[in-house]
>>> print(open('data.cif').read())   # mmCIF, C-alpha atoms
data_upload
#
loop_
_atom_site.group_PDB
_atom_site.id
_atom_site.type_symbol
_atom_site.label_atom_id
_atom_site.label_comp_id
_atom_site.auth_asym_id
_atom_site.auth_seq_id
_atom_site.Cartn_x
_atom_site.Cartn_y
_atom_site.Cartn_z
ATOM 1 C CA MET A 1 -28.253 -43.296 -10.503
ATOM 2 C CA TYR A 2 -27.593 -39.557 -10.098
ATOM 3 C CA ARG A 3 -30.933 -38.675 -8.586
ATOM 4 C CA PHE A 4 -29.150 -37.762 -5.354
ATOM 5 C CA LEU A 5 -27.953 -34.573 -7.117
ATOM 6 C CA LEU A 6 -31.524 -33.272 -6.821
ATOM 7 C CA SER A 7 -31.473 -33.577 -3.049
ATOM 8 C CA ARG A 8 -31.457 -30.417 -0.948
ATOM 9 C CA GLN A 9 -27.933 -31.103 0.300
ATOM 10 C CA TRP A 10 -26.467 -31.525 -3.175
ATOM 11 C CA VAL A 11 -28.340 -28.599 -4.685
ATOM 12 C CA ILE A 12 -26.923 -26.324 -1.961
ATOM 13 C CA LEU A 13 -23.421 -27.779 -2.388
ATOM 14 C CA THR A 14 -23.539 -27.267 -6.163
ATOM 15 C CA LEU A 15 -24.775 -23.683 -5.817
ATOM 16 C CA VAL A 16 -22.010 -22.889 -3.328
ATOM 17 C CA ALA A 17 -19.439 -24.290 -5.784
ATOM 18 C CA LEU A 18 -20.893 -22.201 -8.622
ATOM 19 C CA VAL A 19 -20.660 -19.056 -6.496
ATOM 20 C CA LEU A 20 -17.155 -19.787 -5.228
ATOM 21 C CA MET A 21 -15.604 -20.248 -8.671
ATOM 22 C CA PRO A 22 -16.209 -16.761 -10.138
ATOM 23 C CA THR A 23 -15.483 -15.205 -6.734
ATOM 24 C CA MET A 24 -12.061 -16.849 -6.536
ATOM 25 C CA ILE A 25 -11.333 -16.000 -10.175
ATOM 26 C CA GLU A 26 -12.067 -12.346 -9.387
ATOM 27 C CA LEU A 27 -9.857 -12.479 -6.276
ATOM 28 C CA GLY A 28 -7.073 -13.893 -8.417
ATOM 29 C CA PHE A 29 -7.350 -11.037 -10.916
ATOM 30 C CA TRP A 30 -7.446 -8.545 -8.027
ATOM 31 C CA GLN A 31 -4.112 -9.861 -6.776
ATOM 32 C CA PHE A 32 -2.757 -9.959 -10.334
ATOM 33 C CA HIS A 33 -3.636 -6.291 -10.880
ATOM 34 C CA ARG A 34 -1.964 -5.418 -7.565
ATOM 35 C CA HIS A 35 1.142 -7.222 -8.869
ATOM 36 C CA GLU A 36 1.006 -5.196 -12.085
ATOM 37 C CA ARG A 37 0.657 -1.932 -10.166
ATOM 38 C CA ARG A 38 3.617 -2.840 -7.953
ATOM 39 C CA VAL A 39 5.787 -3.657 -10.966
ATOM 40 C CA ALA A 40 4.780 -0.386 -12.659
ATOM 41 C CA GLN A 41 5.482 1.584 -9.477
ATOM 42 C CA ASN A 42 8.907 -0.026 -9.085
ATOM 43 C CA ALA A 43 9.743 0.920 -12.684
ATOM 44 C CA LEU A 44 8.530 4.493 -12.098
ATOM 45 C CA ILE A 45 10.598 4.880 -8.926
ATOM 46 C CA ALA A 46 13.722 3.443 -10.564
ATOM 47 C CA ASP A 47 13.378 5.676 -13.644
ATOM 48 C CA ASN A 48 12.764 8.853 -11.608
ATOM 49 C CA LEU A 49 15.653 8.131 -9.240
ATOM 50 C CA ARG A 50 17.976 7.664 -12.223
ATOM 51 C CA ALA A 51 16.864 10.873 -13.941
ATOM 52 C CA GLU A 52 19.032 13.971 -13.776
ATOM 53 C CA PRO A 53 17.908 16.459 -11.087
ATOM 54 C CA VAL A 54 15.852 19.423 -12.306
ATOM 55 C CA PRO A 55 14.796 22.592 -10.456
ATOM 56 C CA MET A 56 11.695 21.808 -8.408
ATOM 57 C CA GLU A 57 9.880 24.890 -9.700
ATOM 58 C CA THR A 58 9.943 23.418 -13.232
ATOM 59 C CA LEU A 59 7.785 20.486 -12.112
ATOM 60 C CA THR A 60 5.401 22.144 -9.690
ATOM 61 C CA GLY A 61 3.938 25.501 -8.766
ATOM 62 C CA VAL A 62 1.727 27.209 -6.232
ATOM 63 C CA GLY A 63 -1.441 25.163 -5.720
ATOM 64 C CA HIS A 64 -0.106 22.443 -8.019
ATOM 65 C CA THR A 65 -0.910 18.777 -7.411
ATOM 66 C CA VAL A 66 2.115 16.621 -8.136
ATOM 67 C CA PRO A 67 1.120 13.936 -10.679
ATOM 68 C CA ARG A 68 2.041 10.337 -10.029
ATOM 69 C CA ALA A 69 4.449 10.373 -12.978
ATOM 70 C CA ASP A 70 6.631 12.870 -11.061
ATOM 71 C CA TYR A 71 6.678 11.055 -7.704
ATOM 72 C CA TRP A 72 10.258 10.523 -6.472
ATOM 73 C CA ARG A 73 11.652 12.637 -9.296
ATOM 74 C CA ARG A 74 15.069 14.059 -8.386
ATOM 75 C CA VAL A 75 14.833 17.819 -7.947
ATOM 76 C CA THR A 76 16.850 20.736 -6.626
ATOM 77 C CA ALA A 77 15.891 23.965 -4.892
ATOM 78 C CA THR A 78 18.103 26.945 -4.076
ATOM 79 C CA GLY A 79 17.180 29.378 -1.352
ATOM 80 C CA THR A 80 17.424 30.226 2.334
ATOM 81 C CA PHE A 81 15.957 28.113 5.151
ATOM 82 C CA ASP A 82 13.292 29.825 7.237
ATOM 83 C CA THR A 83 13.963 28.088 10.551
ATOM 84 C CA ALA A 84 11.586 30.420 12.412
ATOM 85 C CA HIS A 85 8.663 28.623 10.739
ATOM 86 C CA GLU A 86 10.078 25.102 10.947
ATOM 87 C CA VAL A 87 7.640 22.396 12.137
ATOM 88 C CA VAL A 88 7.880 18.716 12.971
ATOM 89 C CA VAL A 89 5.635 15.994 11.577
ATOM 90 C CA ARG A 90 4.519 13.600 14.294
ATOM 91 C CA ARG A 91 4.434 9.787 14.366
ATOM 92 C CA ARG A 92 7.064 9.093 11.741
ATOM 93 C CA THR A 93 9.418 6.123 11.780
ATOM 94 C CA SER A 94 13.129 5.949 11.101
ATOM 95 C CA ALA A 95 14.822 3.465 8.785
ATOM 96 C CA ASP A 96 15.027 1.020 11.718
ATOM 97 C CA ASP A 97 11.368 1.571 12.766
ATOM 98 C CA ARG A 98 11.928 3.908 15.727
ATOM 99 C CA ILE A 99 9.076 6.322 16.370
ATOM 100 C CA GLY A 100 9.922 9.995 16.055
ATOM 101 C CA VAL A 101 9.239 13.008 13.857
ATOM 102 C CA HIS A 102 10.197 14.418 10.487
ATOM 103 C CA VAL A 103 11.665 17.917 10.355
ATOM 104 C CA LEU A 104 9.860 20.149 7.857
ATOM 105 C CA THR A 105 11.677 23.394 7.118
ATOM 106 C CA PRO A 106 10.519 26.035 4.605
ATOM 107 C CA LEU A 107 13.101 27.041 2.005
ATOM 108 C CA VAL A 108 12.516 30.541 0.621
ATOM 109 C CA LEU A 109 13.467 30.816 -3.052
ATOM 110 C CA GLU A 110 14.947 33.933 -4.650
ATOM 111 C CA ASP A 111 11.548 34.934 -6.064
ATOM 112 C CA GLY A 112 9.925 34.771 -2.602
ATOM 113 C CA ARG A 113 8.050 31.542 -3.121
ATOM 114 C CA THR A 114 8.606 28.706 -0.651
ATOM 115 C CA VAL A 115 9.515 25.040 -0.963
ATOM 116 C CA LEU A 116 8.788 22.649 1.893
ATOM 117 C CA VAL A 117 11.859 20.548 2.675
ATOM 118 C CA ASN A 118 11.600 17.359 4.686
ATOM 119 C CA ARG A 119 15.098 17.334 6.197
ATOM 120 C CA GLY A 120 14.758 13.881 7.763
ATOM 121 C CA TRP A 121 13.996 12.036 10.992
ATOM 122 C CA VAL A 122 14.832 12.880 14.602
ATOM 123 C CA PRO A 123 13.644 11.272 17.865
ATOM 124 C CA ALA A 124 10.527 12.752 19.437
ATOM 125 C CA ALA A 125 10.789 14.604 22.733
ATOM 126 C CA ALA A 126 10.057 12.638 25.915
ATOM 127 C CA ASP A 127 7.081 14.920 26.472
ATOM 128 C CA GLN A 128 4.891 14.792 23.367
ATOM 129 C CA LYS A 129 3.823 18.390 23.944
ATOM 130 C CA ALA A 130 7.422 19.615 23.839
ATOM 131 C CA TYR A 131 9.305 20.517 20.685
ATOM 132 C CA PRO A 132 12.080 17.976 20.065
ATOM 133 C CA ASP A 133 15.771 18.700 19.796
ATOM 134 C CA VAL A 134 16.227 19.536 16.107
ATOM 135 C CA PRO A 135 19.654 20.248 14.575
ATOM 136 C CA PRO A 136 19.680 23.673 12.928
ATOM 137 C CA ALA A 137 19.382 23.971 9.174
ATOM 138 C CA PRO A 138 22.317 25.454 7.226
ATOM 139 C CA ARG A 139 22.464 29.246 7.187
ATOM 140 C CA GLY A 140 22.686 31.396 4.100
ATOM 141 C CA GLU A 141 21.876 30.364 0.564
ATOM 142 C CA VAL A 142 21.947 26.623 0.003
ATOM 143 C CA THR A 143 21.083 24.265 -2.832
ATOM 144 C CA VAL A 144 19.099 21.273 -1.638
ATOM 145 C CA THR A 145 18.734 18.054 -3.622
ATOM 146 C CA GLY A 146 16.007 15.539 -3.009
ATOM 147 C CA ARG A 147 12.999 13.591 -4.193
ATOM 148 C CA LEU A 148 9.752 15.288 -5.189
ATOM 149 C CA LYS A 149 6.758 14.053 -3.203
ATOM 150 C CA ALA A 150 3.057 14.867 -3.390
ATOM 151 C CA ASP A 151 1.157 16.620 -0.616
ATOM 152 C CA GLU A 152 -0.034 14.226 2.065
ATOM 153 C CA THR A 153 -3.754 13.900 2.709
ATOM 154 C CA THR A 154 -5.729 11.764 5.120
ATOM 155 C CA ASP A 155 -7.426 9.904 2.259
ATOM 156 C CA ALA A 156 -4.161 9.024 0.534
ATOM 157 C CA SER A 157 -2.018 8.308 3.600
ATOM 158 C CA GLY A 158 -4.529 7.069 6.147
ATOM 159 C CA ILE A 159 -3.028 9.483 8.698
ATOM 160 C CA LYS A 160 -5.669 11.321 10.693
ATOM 161 C CA ASP A 161 -5.127 15.069 10.688
ATOM 162 C CA LEU A 162 -5.477 15.783 14.392
ATOM 163 C CA ARG A 163 -6.412 19.218 15.646
ATOM 164 C CA GLY A 164 -5.246 21.006 18.792
ATOM 165 C CA LEU A 165 -1.636 19.869 18.458
ATOM 166 C CA PRO A 166 1.182 21.626 20.313
ATOM 167 C CA ASP A 167 2.741 24.635 18.616
ATOM 168 C CA ARG A 168 4.872 23.840 15.528
ATOM 169 C CA GLN A 169 3.683 20.242 15.304
ATOM 170 C CA VAL A 170 1.618 18.796 12.435
ATOM 171 C CA MET A 171 0.387 15.403 11.300
ATOM 172 C CA LEU A 172 0.633 15.831 7.518
ATOM 173 C CA ILE A 173 3.060 17.407 5.081
ATOM 174 C CA ASN A 174 0.712 19.548 3.053
ATOM 175 C CA SER A 175 1.666 22.662 1.111
ATOM 176 C CA GLY A 176 -1.838 24.132 1.356
ATOM 177 C CA GLN A 177 -1.839 23.950 5.136
ATOM 178 C CA GLN A 178 1.652 25.406 5.397
ATOM 179 C CA GLU A 179 0.761 28.201 2.985
ATOM 180 C CA GLU A 180 -1.991 29.308 5.372
ATOM 181 C CA LEU A 181 0.415 29.228 8.319
ATOM 182 C CA LEU A 182 3.226 31.045 6.505
ATOM 183 C CA GLY A 183 1.090 33.636 4.740
ATOM 184 C CA ARG A 184 3.091 33.328 1.519
ATOM 185 C CA GLU A 185 3.066 31.230 -1.649
ATOM 186 C CA VAL A 186 4.220 27.617 -1.308
ATOM 187 C CA LEU A 187 4.957 25.277 -4.200
ATOM 188 C CA GLY A 188 2.750 22.185 -4.314
ATOM 189 C CA GLY A 189 4.224 18.988 -2.910
ATOM 190 C CA TYR A 190 7.485 18.903 -0.995
ATOM 191 C CA LEU A 191 11.152 18.001 -1.341
ATOM 192 C CA GLU A 192 12.458 14.949 0.535
ATOM 193 C CA GLN A 193 16.077 15.951 1.132
ATOM 194 C CA THR A 194 18.959 13.701 0.126
ATOM 195 C CA GLY A 195 21.720 16.313 -0.059
ATOM 196 C CA PRO A 196 23.726 17.956 1.247
ATOM 197 C CA GLU A 197 24.262 15.372 3.953
ATOM 198 C CA PRO A 198 23.504 16.754 7.424
ATOM 199 C CA ALA A 199 26.347 17.383 9.815
ATOM 200 C CA GLY A 200 26.660 14.534 12.288
ATOM 201 C CA GLY A 201 24.160 12.449 10.333
ATOM 202 C CA THR A 202 21.133 14.114 11.897
ATOM 203 C CA PRO A 203 18.376 14.631 10.965
ATOM 204 C CA GLU A 204 18.603 11.076 9.616
ATOM 205 C CA PRO A 205 18.056 11.113 5.848
ATOM 206 C CA ILE A 206 14.973 9.292 4.632
ATOM 207 C CA PRO A 207 16.009 6.157 2.735
ATOM 208 C CA GLU A 208 15.097 5.534 -0.887
ATOM 209 C CA PRO A 209 11.722 3.908 -1.441
ATOM 210 C CA ASP A 210 11.840 0.173 -2.045
ATOM 211 C CA HIS A 211 11.707 -0.491 -5.778
ATOM 212 C CA ASP A 212 13.139 -4.013 -5.925
ATOM 213 C CA SER A 213 10.649 -6.250 -4.152
ATOM 214 C CA ILE A 214 7.355 -7.076 -5.855
ATOM 215 C CA GLY A 215 5.601 -8.769 -2.948
ATOM 216 C CA ALA A 216 3.632 -11.995 -3.087
ATOM 217 C CA HIS A 217 0.651 -10.728 -5.090
ATOM 218 C CA MET A 218 1.400 -12.914 -8.126
ATOM 219 C CA ALA A 219 1.720 -15.991 -5.927
ATOM 220 C CA TYR A 220 -1.613 -15.157 -4.296
ATOM 221 C CA ALA A 221 -3.231 -14.764 -7.731
ATOM 222 C CA VAL A 222 -2.013 -18.191 -8.844
ATOM 223 C CA GLN A 223 -3.154 -19.636 -5.533
ATOM 224 C CA TRP A 224 -6.708 -18.310 -5.997
ATOM 225 C CA TRP A 225 -6.854 -19.686 -9.536
ATOM 226 C CA LEU A 226 -5.642 -23.096 -8.347
ATOM 227 C CA PHE A 227 -8.393 -23.036 -5.730
ATOM 228 C CA THR A 228 -10.852 -22.262 -8.537
ATOM 229 C CA ALA A 229 -9.681 -25.282 -10.534
ATOM 230 C CA GLY A 230 -9.906 -27.413 -7.408
ATOM 231 C CA VAL A 231 -13.626 -26.693 -6.871
ATOM 232 C CA PRO A 232 -15.003 -28.680 -9.887
ATOM 233 C CA VAL A 233 -12.411 -31.401 -9.319
ATOM 234 C CA GLY A 234 -13.516 -31.718 -5.704
ATOM 235 C CA TRP A 235 -17.186 -31.654 -6.755
ATOM 236 C CA VAL A 236 -16.647 -34.526 -9.215
ATOM 237 C CA ILE A 237 -14.776 -36.565 -6.596
ATOM 238 C CA LEU A 238 -17.622 -36.081 -4.108
ATOM 239 C CA VAL A 239 -20.223 -37.043 -6.752
ATOM 240 C CA ARG A 240 -18.371 -40.250 -7.632
ATOM 241 C CA ARG A 241 -17.996 -41.128 -3.974
ATOM 242 C CA GLU A 242 -21.689 -40.497 -3.359
ATOM 243 C CA LYS A 243 -22.576 -42.621 -6.395
ATOM 244 C CA ARG A 244 -20.518 -45.543 -5.074
ATOM 245 C CA ASP A 245 -22.209 -45.234 -1.686
ATOM 246 C CA TRP A 246 -25.661 -45.259 -3.311
ATOM 247 C CA GLN A 247 -24.751 -48.276 -5.419
ATOM 248 C CA ALA A 248 -23.390 -50.115 -2.390
ATOM 249 C CA ALA A 249 -26.532 -49.286 -0.423
ATOM 250 C CA ALA A 250 -28.728 -50.481 -3.320
ATOM 251 C CA ARG A 251 -26.861 -53.809 -3.566
ATOM 252 C CA ALA A 252 -27.098 -54.316 0.165
ATOM 253 C CA GLU A 253 -30.831 -53.611 0.054
ATOM 254 C CA GLY A 254 -31.294 -56.054 -2.833
ATOM 255 C CA VAL A 255 -29.532 -58.829 -0.968
ATOM 256 C CA ALA A 256 -31.614 -58.197 2.133
ATOM 257 C CA GLU A 257 -34.896 -58.349 0.202
ATOM 258 C CA SER A 258 -34.105 -61.463 -1.896
ATOM 259 C CA PRO A 259 -35.853 -64.670 -0.538
ATOM 260 C CA GLU A 260 -33.736 -67.467 0.862
ATOM 261 C CA PRO A 261 -33.731 -70.670 -1.287
ATOM 262 C CA ALA A 262 -36.173 -73.406 -0.108
ATOM 263 C CA ALA A 263 -34.685 -76.336 1.740
ATOM 264 C CA ALA A 264 -34.545 -79.643 -0.225
ATOM 265 C CA VAL A 265 -37.166 -82.266 0.727
ATOM 266 C CA GLY A 266 -35.669 -85.651 1.440
#
>>> encode(input="data.cif", output="structure tokens")
Amino acid sequence: MYRFLLSRQWVILTLVALVLMPTMIELGFWQFHRHERRVAQNALIADNLRAEPVPMETLTGVGHTVPRADYWRRVTATGTFDTAHEVVVRRRTSADDRIGVHVLTPLVLEDGRTVLVNRGWVPAAADQKAYPDVPPAPRGEVTVTGRLKADETTDASGIKDLRGLPDRQVMLINSGQQEELLGREVLGGYLEQTGPEPAGGTPEPIPEPDHDSIGAHMAYAVQWWLFTAGVPVGWVILVRREKRDWQAAARAEGVAESPEPAAAVG
């Protein structure tokens, strides 16, 4: 009755089903782990944004790689802005998705070391080779508050580090690169400024990272697992349907082959 399962068509169909099930289970766990990472990241961001600010030099140093546990940690830095070595970071978006640049200004600490401060977003110049109109940084000694961020790299950000850019324009915020340009020690990572607020609201402060939404990863995980459960159910339904068709065909063949009854002789 189930000999049709040994046919080429059914063997292939069964093998495909057996391959699909573990694949979809794995895809479900992949989405589930992405959900877990998003939840953990949201908790990390929220905790670090709530923490009391600490001097940036207590969390990082020259050549230091900022660990993930310190991302978005509230920090302070006191020093004097070195506007002569200010650069802009190309292809950055504002809070409302306008394309422009970020203003990166070195802040020289009392001990001579430097902190990179991302002062915020401004529109790019009409001519991409020209330096945009950037509001001046405060003069004299200033205490800057902000969020600690790790150095940007192409591998981590996906941003290609282009060469041959116009003077004072860069693609990545990277303390190692800026240390070479400045010729003095630069603390690892950078400070994303939140205070003091800029005069006239420009450069536009960078908004807080999203730490409320969790995305649809959990829904996708459940969806993949439901698909997995649907494969054997669908296979059984197809088998039962095929069995009925074979039985119907067998009955029809039996009726066709059975002899007609002889006519009565009067």
>>> atom_distance(input="data.cif", atom1="CA of Trp30 in chain A", atom2="CA of Leu15 in chain A")
23.1 Å
>>> residues_around(input="data.cif", residues="Val101 in chain A", least_positions_apart="4", cutoff="6 Å", atoms="only C-alpha atoms", output="list of chain:residue names")
A:Val88, A:Val89, A:Arg90, A:Arg91, A:Arg92, A:Trp121, A:Val122, A:Ala124
>>> resolve_selection(input="data.cif", expression="the PyMOL selection byres ((chain A and resi 76) around 9)", output="PDB file with C-alpha atoms, in the frame of the given file")
ATOM      1  CA  PRO A  53      17.908  16.459 -11.087  1.00  0.00           C
ATOM      2  CA  VAL A  54      15.852  19.423 -12.306  1.00  0.00           C
ATOM      3  CA  PRO A  55      14.796  22.592 -10.456  1.00  0.00           C
ATOM      4  CA  MET A  56      11.695  21.808  -8.408  1.00  0.00           C
ATOM      5  CA  GLU A  57       9.880  24.890  -9.700  1.00  0.00           C
ATOM      6  CA  ARG A  74      15.069  14.059  -8.386  1.00  0.00           C
ATOM      7  CA  VAL A  75      14.833  17.819  -7.947  1.00  0.00           C
ATOM      8  CA  ALA A  77      15.891  23.965  -4.892  1.00  0.00           C
ATOM      9  CA  THR A  78      18.103  26.945  -4.076  1.00  0.00           C
ATOM     10  CA  THR A 143      21.083  24.265  -2.832  1.00  0.00           C
ATOM     11  CA  VAL A 144      19.099  21.273  -1.638  1.00  0.00           C
ATOM     12  CA  THR A 145      18.734  18.054  -3.622  1.00  0.00           C
ATOM     13  CA  GLY A 146      16.007  15.539  -3.009  1.00  0.00           C
ATOM     14  CA  ARG A 147      12.999  13.591  -4.193  1.00  0.00           C
ATOM     15  CA  LEU A 191      11.152  18.001  -1.341  1.00  0.00           C
TER      16      LEU A 191
END
>>> residues_around(input="data.cif", residues="Asp245 in chain A", least_positions_apart="5", cutoff="12 Å", atoms="only C-alpha atoms", output="list in words")
Met1, Tyr2, Phe4, Leu238, Val239, Arg240, Ala250, Arg251 and Ala252 of chain A
>>> atom_distance(input="data.cif", atom1="CA of Trp10 in chain A", atom2="CA of Ala221 in chain A")
29.0 Å
>>> closest_residue(input="data.cif", among="A:Ala17, A:Ala51, A:Leu172, A:Leu181", to="Glu152 in chain A", atoms="all atoms listed in the file")
A:Leu172
>>> resolve_selection(input="data.cif", expression="the PyMOL selection byres ((chain A and resi 26) around 12)", output="list in words")
Val19, Leu20, Met21, Pro22, Thr23, Met24, Ile25, Leu27, Gly28, Phe29, Trp30, Gln31, Phe32, His33, Tyr220, Ala221, Val222, Trp224, Trp225, Phe227 and Thr228 of chain A
>>> atom_distance(input="data.cif", atom1="CA of Ile159 in chain A", atom2="CA of Glu179 in chain A")
19.9 Å
>>> closest_residue(input="data.cif", among="A:Arg184, A:Arg119, A:His102, A:His211", to="Gln169 in chain A", atoms="all atoms listed in the file")
A:His102
>>> residues_around(input="data.cif", residues="Val87 in chain A", least_positions_apart="6", cutoff="8 Å", atoms="all atoms listed in the file", output="PyMOL selection string")
chain A and resi 103-105+168-170
>>> resolve_selection(input="data.cif", expression="the PyMOL selection byres ((chain A and resi 59-66) around 6)", output="list in words")
Met56, Glu57, Thr58, Pro67, Ala150, Val186, Leu187 and Gly188 of chain A
>>> residues_around(input="data.cif", residues="Thr83 in chain A", least_positions_apart="3", cutoff="9 Å", atoms="all atoms listed in the file", output="list in words")
Glu86, Val87, Thr105, Pro106, Leu107, Pro136 and Ala137 of chain A
>>> closest_residue(input="data.cif", among="A:Arg38, A:Asn118, A:Ala156, A:Leu5", to="Thr194 in chain A", atoms="all atoms listed in the file")
A:Asn118
>>> closest_residue(input="data.cif", among="A:Val108, A:Val236, A:Ala126, A:Ala43", to="Glu141 in chain A", atoms="only C-alpha atoms")
A:Val108
>>> residues_around(input="data.cif", residues="Ala130 in chain A", least_positions_apart="5", cutoff="9 Å", atoms="all atoms listed in the file", output="number ranges by chain")
A: 124-125, 166-167
>>> closest_residue(input="data.cif", among="A:Gly230, A:Val115, A:Pro203, A:Arg50", to="Gln178 in chain A", atoms="only C-alpha atoms")
A:Val115
>>> closest_residue(input="data.cif", among="A:Asn48, A:Ser175, A:Thr80, A:Ser7", to="Leu116 in chain A", atoms="only C-alpha atoms")
A:Ser175
